[in-house]
$ cat start.txt   # compact mmCIF, N, CA and C atoms
# COMPACT_ATOMS: atom_id res chain seq x y z
N MET A 1 0.85 -1.19 0.00
CA MET A 1 0.00 0.00 0.00
C MET A 1 0.88 1.24 0.00
N THR A 2 0.57 2.17 -0.86
CA THR A 2 1.36 3.39 -0.94
C THR A 2 0.74 4.48 -0.09
N THR A 3 1.59 5.33 0.44
CA THR A 3 1.14 6.45 1.25
C THR A 3 0.98 7.67 0.37
N PRO A 4 -0.18 8.34 0.44
CA PRO A 4 -0.34 9.55 -0.37
C PRO A 4 0.68 10.61 0.03
N ILE A 5 1.13 11.36 -0.94
CA ILE A 5 2.13 12.39 -0.69
C ILE A 5 1.63 13.42 0.29
N SER A 6 0.35 13.74 0.26
CA SER A 6 -0.18 14.77 1.16
C SER A 6 -0.12 14.36 2.62
N SER A 7 -0.04 13.05 2.91
CA SER A 7 -0.01 12.64 4.31
C SER A 7 1.42 12.53 4.83
N ILE A 8 2.43 12.64 3.96
CA ILE A 8 3.81 12.54 4.40
C ILE A 8 4.22 13.78 5.17
N GLY A 9 3.84 14.92 4.71
CA GLY A 9 4.21 16.15 5.39
C GLY A 9 3.98 17.32 4.46
N PRO A 10 4.21 18.51 4.98
CA PRO A 10 3.98 19.70 4.15
C PRO A 10 5.00 19.78 3.02
N THR A 11 4.56 20.35 1.94
CA THR A 11 5.45 20.59 0.81
C THR A 11 6.42 21.70 1.19
N PRO A 12 7.55 21.83 0.50
CA PRO A 12 8.48 22.90 0.83
C PRO A 12 7.85 24.28 0.79
N ALA A 13 6.97 24.52 -0.18
CA ALA A 13 6.33 25.85 -0.26
C ALA A 13 5.41 26.07 0.93
N ALA A 14 4.69 25.03 1.35
CA ALA A 14 3.78 25.17 2.49
C ALA A 14 4.56 25.31 3.79
N ALA A 15 5.76 24.75 3.85
CA ALA A 15 6.57 24.82 5.07
C ALA A 15 7.42 26.08 5.13
N GLY A 16 7.20 27.01 4.23
CA GLY A 16 7.96 28.25 4.23
C GLY A 16 9.15 28.19 3.29
N GLY A 17 9.28 27.09 2.57
CA GLY A 17 10.39 26.95 1.63
C GLY A 17 9.95 27.36 0.25
N GLY A 18 10.52 26.73 -0.74
CA GLY A 18 10.16 27.06 -2.11
C GLY A 18 10.77 28.37 -2.53
N ASP A 19 10.35 28.84 -3.69
CA ASP A 19 10.92 30.07 -4.23
C ASP A 19 10.61 31.29 -3.37
N GLY A 20 9.41 31.34 -2.80
CA GLY A 20 9.04 32.48 -1.96
C GLY A 20 9.89 32.56 -0.71
N GLY A 21 10.14 31.42 -0.08
CA GLY A 21 10.97 31.39 1.12
C GLY A 21 12.41 31.71 0.81
N LEU A 22 12.90 31.21 -0.30
CA LEU A 22 14.28 31.50 -0.71
C LEU A 22 14.44 32.98 -1.03
N ARG A 23 13.45 33.55 -1.70
CA ARG A 23 13.51 34.99 -2.03
C ARG A 23 13.52 35.83 -0.76
N LYS A 24 12.69 35.49 0.21
CA LYS A 24 12.65 36.25 1.47
C LYS A 24 13.95 36.11 2.24
N ALA A 25 14.51 34.90 2.25
CA ALA A 25 15.77 34.68 2.96
C ALA A 25 16.91 35.45 2.28
N ALA A 26 16.92 35.47 0.96
CA ALA A 26 17.95 36.19 0.22
C ALA A 26 17.84 37.70 0.47
N GLU A 27 16.63 38.21 0.50
CA GLU A 27 16.43 39.63 0.80
C GLU A 27 16.85 39.96 2.23
N ALA A 28 16.55 39.06 3.16
CA ALA A 28 16.95 39.28 4.55
C ALA A 28 18.47 39.30 4.67
N PHE A 29 19.15 38.42 3.93
CA PHE A 29 20.61 38.40 3.94
C PHE A 29 21.16 39.70 3.38
N GLU A 30 20.57 40.18 2.28
CA GLU A 30 21.02 41.45 1.71
C GLU A 30 20.79 42.59 2.70
N ALA A 31 19.69 42.56 3.43
CA ALA A 31 19.42 43.60 4.43
C ALA A 31 20.47 43.59 5.53
N VAL A 32 20.91 42.40 5.95
CA VAL A 32 21.94 42.32 6.99
C VAL A 32 23.25 42.93 6.48
N ILE A 33 23.61 42.61 5.24
CA ILE A 33 24.83 43.19 4.66
C ILE A 33 24.72 44.71 4.59
N LEU A 34 23.56 45.21 4.17
CA LEU A 34 23.37 46.66 4.07
C LEU A 34 23.40 47.33 5.44
N ARG A 35 22.84 46.67 6.47
CA ARG A 35 22.89 47.23 7.83
C ARG A 35 24.35 47.36 8.29
N GLN A 36 25.15 46.33 8.02
CA GLN A 36 26.56 46.39 8.42
C GLN A 36 27.29 47.49 7.66
N LEU A 37 26.97 47.65 6.39
CA LEU A 37 27.57 48.71 5.59
C LEU A 37 27.21 50.08 6.15
N MET A 38 25.94 50.27 6.49
CA MET A 38 25.50 51.55 7.03
C MET A 38 26.11 51.82 8.40
N ALA A 39 26.25 50.77 9.22
CA ALA A 39 26.86 50.94 10.54
C ALA A 39 28.32 51.34 10.40
N SER A 40 29.02 50.77 9.43
CA SER A 40 30.41 51.14 9.19
C SER A 40 30.52 52.59 8.73
N MET A 41 29.59 53.00 7.90
CA MET A 41 29.60 54.40 7.45
C MET A 41 29.32 55.34 8.60
N ARG A 42 28.45 54.95 9.52
CA ARG A 42 28.15 55.81 10.68
C ARG A 42 29.36 55.94 11.60
N GLN A 43 30.16 54.88 11.70
CA GLN A 43 31.34 54.93 12.57
C GLN A 43 32.41 55.87 12.04
N ALA A 44 32.43 56.08 10.74
CA ALA A 44 33.44 56.94 10.12
C ALA A 44 32.98 58.38 10.09
N LYS A 45 32.60 58.91 11.24
CA LYS A 45 32.14 60.30 11.28
C LYS A 45 33.33 61.25 11.30
N LEU A 46 33.13 62.39 10.72
CA LEU A 46 34.21 63.35 10.56
C LEU A 46 34.32 64.32 11.73
N GLY A 47 33.31 64.41 12.55
CA GLY A 47 33.36 65.34 13.67
C GLY A 47 32.48 64.83 14.81
N ASP A 48 32.47 65.60 15.90
CA ASP A 48 31.64 65.24 17.04
C ASP A 48 30.19 65.58 16.76
N ASP A 49 29.31 64.75 17.26
CA ASP A 49 27.88 64.98 17.09
C ASP A 49 27.40 65.91 18.20
N VAL A 50 26.91 67.07 17.83
CA VAL A 50 26.48 68.08 18.80
C VAL A 50 25.29 67.59 19.62
N PHE A 51 24.35 66.92 18.95
CA PHE A 51 23.15 66.47 19.62
C PHE A 51 23.20 64.99 19.97
N GLY A 52 24.37 64.42 20.06
CA GLY A 52 24.52 62.98 20.25
C GLY A 52 24.06 62.52 21.64
N SER A 53 23.35 61.42 21.66
CA SER A 53 22.96 60.75 22.90
C SER A 53 22.66 59.30 22.56
N SER A 54 22.48 58.50 23.58
CA SER A 54 22.18 57.08 23.32
C SER A 54 20.80 56.93 22.66
N ALA A 55 19.87 57.82 23.00
CA ALA A 55 18.55 57.76 22.36
C ALA A 55 18.65 58.07 20.87
N THR A 56 19.45 59.06 20.53
CA THR A 56 19.65 59.40 19.12
C THR A 56 20.33 58.26 18.39
N ASP A 57 21.31 57.63 19.03
CA ASP A 57 22.00 56.50 18.41
C ASP A 57 21.03 55.34 18.18
N ASN A 58 20.17 55.07 19.15
CA ASN A 58 19.18 53.99 18.99
C ASN A 58 18.22 54.29 17.86
N PHE A 59 17.77 55.54 17.78
CA PHE A 59 16.86 55.93 16.70
C PHE A 59 17.54 55.78 15.34
N ARG A 60 18.80 56.20 15.24
CA ARG A 60 19.52 56.06 13.98
C ARG A 60 19.68 54.60 13.58
N GLU A 61 19.96 53.73 14.56
CA GLU A 61 20.09 52.31 14.26
C GLU A 61 18.77 51.73 13.74
N MET A 62 17.66 52.13 14.36
CA MET A 62 16.35 51.65 13.89
C MET A 62 16.04 52.19 12.50
N ALA A 63 16.35 53.46 12.27
CA ALA A 63 16.12 54.05 10.96
C ALA A 63 17.00 53.39 9.90
N ASP A 64 18.25 53.11 10.24
CA ASP A 64 19.14 52.43 9.31
C ASP A 64 18.65 51.02 9.00
N ALA A 65 18.13 50.31 10.00
CA ALA A 65 17.61 48.96 9.78
C ALA A 65 16.41 48.99 8.84
N LYS A 66 15.51 49.94 9.05
CA LYS A 66 14.34 50.06 8.17
C LYS A 66 14.76 50.45 6.75
N THR A 67 15.73 51.35 6.65
CA THR A 67 16.22 51.75 5.33
C THR A 67 16.87 50.56 4.62
N ALA A 68 17.67 49.77 5.35
CA ALA A 68 18.31 48.60 4.76
C ALA A 68 17.27 47.58 4.29
N ASP A 69 16.21 47.38 5.08
CA ASP A 69 15.14 46.47 4.68
C ASP A 69 14.46 46.96 3.40
N SER A 70 14.21 48.26 3.32
CA SER A 70 13.55 48.83 2.14
C SER A 70 14.44 48.71 0.90
N ILE A 71 15.71 48.98 1.06
CA ILE A 71 16.64 48.88 -0.08
C ILE A 71 16.74 47.43 -0.54
N ALA A 72 16.80 46.49 0.42
CA ALA A 72 16.90 45.07 0.06
C ALA A 72 15.63 44.61 -0.66
N ALA A 73 14.47 45.13 -0.27
CA ALA A 73 13.22 44.75 -0.92
C ALA A 73 13.17 45.24 -2.37
N MET A 74 13.87 46.34 -2.66
CA MET A 74 13.91 46.84 -4.04
C MET A 74 14.86 46.02 -4.91
N ARG A 75 15.76 45.27 -4.28
CA ARG A 75 16.71 44.38 -4.97
C ARG A 75 17.57 45.12 -5.99
N GLN A 76 18.07 46.28 -5.60
CA GLN A 76 18.89 47.08 -6.50
C GLN A 76 20.38 46.73 -6.42
N PHE A 77 20.84 46.19 -5.31
CA PHE A 77 22.26 45.88 -5.16
C PHE A 77 22.64 44.56 -5.83
N GLY A 78 21.71 43.64 -5.94
CA GLY A 78 21.98 42.38 -6.61
C GLY A 78 22.47 41.27 -5.70
N ILE A 79 22.68 41.56 -4.43
CA ILE A 79 23.16 40.54 -3.51
C ILE A 79 22.11 39.45 -3.35
N ALA A 80 20.86 39.83 -3.15
CA ALA A 80 19.79 38.85 -2.98
C ALA A 80 19.62 38.00 -4.24
N ASP A 81 19.74 38.62 -5.40
CA ASP A 81 19.62 37.87 -6.66
C ASP A 81 20.73 36.83 -6.79
N MET A 82 21.96 37.22 -6.42
CA MET A 82 23.07 36.27 -6.50
C MET A 82 22.90 35.11 -5.53
N VAL A 83 22.46 35.43 -4.30
CA VAL A 83 22.25 34.38 -3.30
C VAL A 83 21.14 33.43 -3.76
N GLU A 84 20.06 34.00 -4.25
CA GLU A 84 18.94 33.19 -4.73
C GLU A 84 19.36 32.29 -5.89
N ARG A 85 20.10 32.85 -6.83
CA ARG A 85 20.57 32.08 -7.98
C ARG A 85 21.51 30.96 -7.53
N GLN A 86 22.37 31.25 -6.56
CA GLN A 86 23.32 30.26 -6.06
C GLN A 86 22.58 29.08 -5.42
N PHE A 87 21.60 29.37 -4.57
CA PHE A 87 20.90 28.29 -3.88
C PHE A 87 19.95 27.53 -4.80
N LYS A 88 19.41 28.19 -5.81
CA LYS A 88 18.61 27.46 -6.79
C LYS A 88 19.49 26.49 -7.56
N GLY A 89 20.71 26.90 -7.86
CA GLY A 89 21.66 26.03 -8.55
C GLY A 89 22.06 24.85 -7.69
N LEU A 90 22.20 25.06 -6.39
CA LEU A 90 22.54 23.96 -5.49
C LEU A 90 21.39 22.99 -5.33
N ALA A 91 20.17 23.50 -5.33
CA ALA A 91 19.01 22.64 -5.14
C ALA A 91 18.80 21.73 -6.34
N GLY A 92 19.23 22.15 -7.51
CA GLY A 92 19.00 21.36 -8.71
C GLY A 92 20.10 20.36 -9.00
N SER A 93 21.25 20.45 -8.34
CA SER A 93 22.35 19.54 -8.66
C SER A 93 22.45 18.43 -7.63
N GLY A 94 22.71 17.25 -8.08
CA GLY A 94 22.87 16.12 -7.19
C GLY A 94 21.55 15.44 -6.90
N PRO A 95 21.62 14.15 -6.54
CA PRO A 95 20.39 13.41 -6.30
C PRO A 95 19.63 13.85 -5.06
N SER A 96 20.33 14.35 -4.04
CA SER A 96 19.64 14.76 -2.82
C SER A 96 19.34 16.24 -2.79
N GLY A 97 19.67 16.96 -3.85
CA GLY A 97 19.42 18.39 -3.88
C GLY A 97 20.54 19.19 -3.23
N LEU A 98 21.58 18.50 -2.76
CA LEU A 98 22.68 19.19 -2.14
C LEU A 98 23.92 18.99 -3.00
N GLY A 99 24.11 19.89 -3.91
CA GLY A 99 25.24 19.79 -4.83
C GLY A 99 26.52 20.12 -4.10
N GLY A 100 27.60 19.76 -4.67
CA GLY A 100 28.88 20.01 -4.04
C GLY A 100 29.59 21.16 -4.72
N GLY A 101 29.97 22.15 -3.94
CA GLY A 101 30.80 23.21 -4.49
C GLY A 101 30.04 24.45 -4.86
N VAL A 102 30.80 25.49 -5.09
CA VAL A 102 30.25 26.78 -5.48
C VAL A 102 30.32 26.89 -6.99
N GLN A 103 29.26 27.44 -7.57
CA GLN A 103 29.23 27.58 -9.03
C GLN A 103 29.87 28.86 -9.45
$ encode --input "start.txt" --output "structure tokens"
Amino acid sequence: MTTPISSIGPTPAAAGGGDGGLRKAAEAFEAVILRQLMASMRQAKLGDDVFGSSATDNFREMADAKTADSIAAMRQFGIADMVERQFKGLAGSGPSGLGGGVQ
């Protein structure tokens, strides 16, 4: 007797995987890279901040995180596209979906 596929478990798309999950993960990775880039730029300040305080620093960090998320969602840097393309290539190679090596 064969077991129906639907009773084995959720499909990758239903479990948060699939192309939609990969796209979201790639965008999240790009956002992390952009946050680190923005934090590095903030550290390279040319002078003292007249209105500087920990509250201002926290607000800037939150604003930078939101800006990085927005930029990553526009997919203008290409990092998310490269990550997505890389993992799609890995999923298609090899019998278990885990190819060996970087393309």
$ atom_distance --input "start.txt" --atom1 "atom C of Asn58 (chain A)" --atom2 "CA of Met38 (chain A)"
13.3 Å
$ residues_near_point --input "start.txt" --point "(15.3, 43.8, 1.2)" --cutoff "6.5 Å" --atoms "only N, CA and C atoms" --output "mmCIF file with N, CA and C atoms, in the frame of the given file"
data_model
loop_
_atom_site.group_PDB
_atom_site.id
_atom_site.type_symbol
_atom_site.label_atom_id
_atom_site.label_comp_id
_atom_site.auth_asym_id
_atom_site.auth_seq_id
_atom_site.Cartn_x
_atom_site.Cartn_y
_atom_site.Cartn_z
ATOM 1 N N GLU A 27 16.630 38.210 0.500
ATOM 2 C CA GLU A 27 16.430 39.630 0.800
ATOM 3 C C GLU A 27 16.850 39.960 2.230
ATOM 4 N N ALA A 28 16.550 39.060 3.160
ATOM 5 C CA ALA A 28 16.950 39.280 4.550
ATOM 6 C C ALA A 28 18.470 39.300 4.670
ATOM 7 N N GLU A 30 20.570 40.180 2.280
ATOM 8 C CA GLU A 30 21.020 41.450 1.710
ATOM 9 C C GLU A 30 20.790 42.590 2.700
ATOM 10 N N ALA A 31 19.690 42.560 3.430
ATOM 11 C CA ALA A 31 19.420 43.600 4.430
ATOM 12 C C ALA A 31 20.470 43.590 5.530
ATOM 13 N N ALA A 68 17.670 49.770 5.350
ATOM 14 C CA ALA A 68 18.310 48.600 4.760
ATOM 15 C C ALA A 68 17.270 47.580 4.290
ATOM 16 N N ASP A 69 16.210 47.380 5.080
ATOM 17 C CA ASP A 69 15.140 46.470 4.680
ATOM 18 C C ASP A 69 14.460 46.960 3.400
ATOM 19 N N SER A 70 14.210 48.260 3.320
ATOM 20 C CA SER A 70 13.550 48.830 2.140
ATOM 21 C C SER A 70 14.440 48.710 0.900
ATOM 22 N N ILE A 71 15.710 48.980 1.060
ATOM 23 C CA ILE A 71 16.640 48.880 -0.080
ATOM 24 C C ILE A 71 16.740 47.430 -0.540
ATOM 25 N N ALA A 72 16.800 46.490 0.420
ATOM 26 C CA ALA A 72 16.900 45.070 0.060
ATOM 27 C C ALA A 72 15.630 44.610 -0.660
ATOM 28 N N ALA A 73 14.470 45.130 -0.270
ATOM 29 C CA ALA A 73 13.220 44.750 -0.920
ATOM 30 C C ALA A 73 13.170 45.240 -2.370
ATOM 31 N N MET A 74 13.870 46.340 -2.660
ATOM 32 C CA MET A 74 13.910 46.840 -4.040
ATOM 33 C C MET A 74 14.860 46.020 -4.910
ATOM 34 N N ARG A 75 15.760 45.270 -4.280
ATOM 35 C CA ARG A 75 16.710 44.380 -4.970
ATOM 36 C C ARG A 75 17.570 45.120 -5.990
#
$ atom_distance --input "start.txt" --atom1 "atom N of Leu90 (chain A)" --atom2 "atom C of Leu37 (chain A)"
28.4 Å
$ atom_distance --input "start.txt" --atom1 "CA of Gln43 (chain A)" --atom2 "atom N of Lys24 (chain A)"
29.6 Å
$ residues_around --input "start.txt" --residues "Arg35 (chain A)" --least-positions-apart "5" --cutoff "8 Å" --atoms "all atoms listed in the file" --output "list in words"
Phe29, Glu30, Ser40, Met41, Asp64, Ala65, Lys66, Thr67, Ala68 and Asp69 of chain A
$ residues_around --input "start.txt" --residues "Ala26 (chain A)" --least-positions-apart "4" --cutoff "12 Å" --atoms "only C-alpha atoms" --output "PDB file with N, CA and C atoms, in the frame of the given file"
ATOM      1  N   ASP A  19      10.350  28.840  -3.690  1.00  0.00           N
ATOM      2  CA  ASP A  19      10.920  30.070  -4.230  1.00  0.00           C
ATOM      3  C   ASP A  19      10.610  31.290  -3.370  1.00  0.00           C
ATOM      4  N   GLY A  20       9.410  31.340  -2.800  1.00  0.00           N
ATOM      5  CA  GLY A  20       9.040  32.480  -1.960  1.00  0.00           C
ATOM      6  C   GLY A  20       9.890  32.560  -0.710  1.00  0.00           C
ATOM      7  N   GLY A  21      10.140  31.420  -0.080  1.00  0.00           N
ATOM      8  CA  GLY A  21      10.970  31.390   1.120  1.00  0.00           C
ATOM      9  C   GLY A  21      12.410  31.710   0.810  1.00  0.00           C
ATOM     10  N   LEU A  22      12.900  31.210  -0.300  1.00  0.00           N
ATOM     11  CA  LEU A  22      14.280  31.500  -0.710  1.00  0.00           C
ATOM     12  C   LEU A  22      14.440  32.980  -1.030  1.00  0.00           C
ATOM     13  N   GLU A  30      20.570  40.180   2.280  1.00  0.00           N
ATOM     14  CA  GLU A  30      21.020  41.450   1.710  1.00  0.00           C
ATOM     15  C   GLU A  30      20.790  42.590   2.700  1.00  0.00           C
ATOM     16  N   ALA A  31      19.690  42.560   3.430  1.00  0.00           N
ATOM     17  CA  ALA A  31      19.420  43.600   4.430  1.00  0.00           C
ATOM     18  C   ALA A  31      20.470  43.590   5.530  1.00  0.00           C
ATOM     19  N   VAL A  32      20.910  42.400   5.950  1.00  0.00           N
ATOM     20  CA  VAL A  32      21.940  42.320   6.990  1.00  0.00           C
ATOM     21  C   VAL A  32      23.250  42.930   6.480  1.00  0.00           C
ATOM     22  N   ILE A  33      23.610  42.610   5.240  1.00  0.00           N
ATOM     23  CA  ILE A  33      24.830  43.190   4.660  1.00  0.00           C
ATOM     24  C   ILE A  33      24.720  44.710   4.590  1.00  0.00           C
ATOM     25  N   ASP A  69      16.210  47.380   5.080  1.00  0.00           N
ATOM     26  CA  ASP A  69      15.140  46.470   4.680  1.00  0.00           C
ATOM     27  C   ASP A  69      14.460  46.960   3.400  1.00  0.00           C
ATOM     28  N   ALA A  72      16.800  46.490   0.420  1.00  0.00           N
ATOM     29  CA  ALA A  72      16.900  45.070   0.060  1.00  0.00           C
ATOM     30  C   ALA A  72      15.630  44.610  -0.660  1.00  0.00           C
ATOM     31  N   ALA A  73      14.470  45.130  -0.270  1.00  0.00           N
ATOM     32  CA  ALA A  73      13.220  44.750  -0.920  1.00  0.00           C
ATOM     33  C   ALA A  73      13.170  45.240  -2.370  1.00  0.00           C
ATOM     34  N   ARG A  75      15.760  45.270  -4.280  1.00  0.00           N
ATOM     35  CA  ARG A  75      16.710  44.380  -4.970  1.00  0.00           C
ATOM     36  C   ARG A  75      17.570  45.120  -5.990  1.00  0.00           C
ATOM     37  N   PHE A  77      20.840  46.190  -5.310  1.00  0.00           N
ATOM     38  CA  PHE A  77      22.260  45.880  -5.160  1.00  0.00           C
ATOM     39  C   PHE A  77      22.640  44.560  -5.830  1.00  0.00           C
ATOM     40  N   GLY A  78      21.710  43.640  -5.940  1.00  0.00           N
ATOM     41  CA  GLY A  78      21.980  42.380  -6.610  1.00  0.00           C
ATOM     42  C   GLY A  78      22.470  41.270  -5.700  1.00  0.00           C
ATOM     43  N   ILE A  79      22.680  41.560  -4.430  1.00  0.00           N
ATOM     44  CA  ILE A  79      23.160  40.540  -3.510  1.00  0.00           C
ATOM     45  C   ILE A  79      22.110  39.450  -3.350  1.00  0.00           C
ATOM     46  N   ALA A  80      20.860  39.830  -3.150  1.00  0.00           N
ATOM     47  CA  ALA A  80      19.790  38.850  -2.980  1.00  0.00           C
ATOM     48  C   ALA A  80      19.620  38.000  -4.240  1.00  0.00           C
ATOM     49  N   ASP A  81      19.740  38.620  -5.400  1.00  0.00           N
ATOM     50  CA  ASP A  81      19.620  37.870  -6.660  1.00  0.00           C
ATOM     51  C   ASP A  81      20.730  36.830  -6.790  1.00  0.00           C
ATOM     52  N   MET A  82      21.960  37.220  -6.420  1.00  0.00           N
ATOM     53  CA  MET A  82      23.070  36.270  -6.500  1.00  0.00           C
ATOM     54  C   MET A  82      22.900  35.110  -5.530  1.00  0.00           C
ATOM     55  N   VAL A  83      22.460  35.430  -4.300  1.00  0.00           N
ATOM     56  CA  VAL A  83      22.250  34.380  -3.300  1.00  0.00           C
ATOM     57  C   VAL A  83      21.140  33.430  -3.760  1.00  0.00           C
ATOM     58  N   GLU A  84      20.060  34.000  -4.250  1.00  0.00           N
ATOM     59  CA  GLU A  84      18.940  33.190  -4.730  1.00  0.00           C
ATOM     60  C   GLU A  84      19.360  32.290  -5.890  1.00  0.00           C
ATOM     61  N   ARG A  85      20.100  32.850  -6.830  1.00  0.00           N
ATOM     62  CA  ARG A  85      20.570  32.080  -7.980  1.00  0.00           C
ATOM     63  C   ARG A  85      21.510  30.960  -7.530  1.00  0.00           C
ATOM     64  N   GLN A  86      22.370  31.250  -6.560  1.00  0.00           N
ATOM     65  CA  GLN A  86      23.320  30.260  -6.060  1.00  0.00           C
ATOM     66  C   GLN A  86      22.580  29.080  -5.420  1.00  0.00           C
ATOM     67  N   PHE A  87      21.600  29.370  -4.570  1.00  0.00           N
ATOM     68  CA  PHE A  87      20.900  28.290  -3.880  1.00  0.00           C
ATOM     69  C   PHE A  87      19.950  27.530  -4.800  1.00  0.00           C
ATOM     70  N   LYS A  88      19.410  28.190  -5.810  1.00  0.00           N
ATOM     71  CA  LYS A  88      18.610  27.460  -6.790  1.00  0.00           C
ATOM     72  C   LYS A  88      19.490  26.490  -7.560  1.00  0.00           C
TER      73      LYS A  88
END
$ closest_residue --input "start.txt" --among "A:Thr56, A:Phe51, A:Glu61, A:Ala25" --to "Ala39 (chain A)" --atoms "only N, CA and C atoms"
A:Glu61
$ select_by_dssp --input "start.txt" --residues "region 48-86 of chain A" --states "helix (DSSP H, G or I)" --output "JSON, numbers by chain"
{"A": [54, 55, 56, 57, 58, 59, 60, 61, 62, 63, 64, 65, 66, 67, 68, 69, 70, 71, 72, 73, 74, 79, 80, 81, 82, 83, 84, 85, 86]}
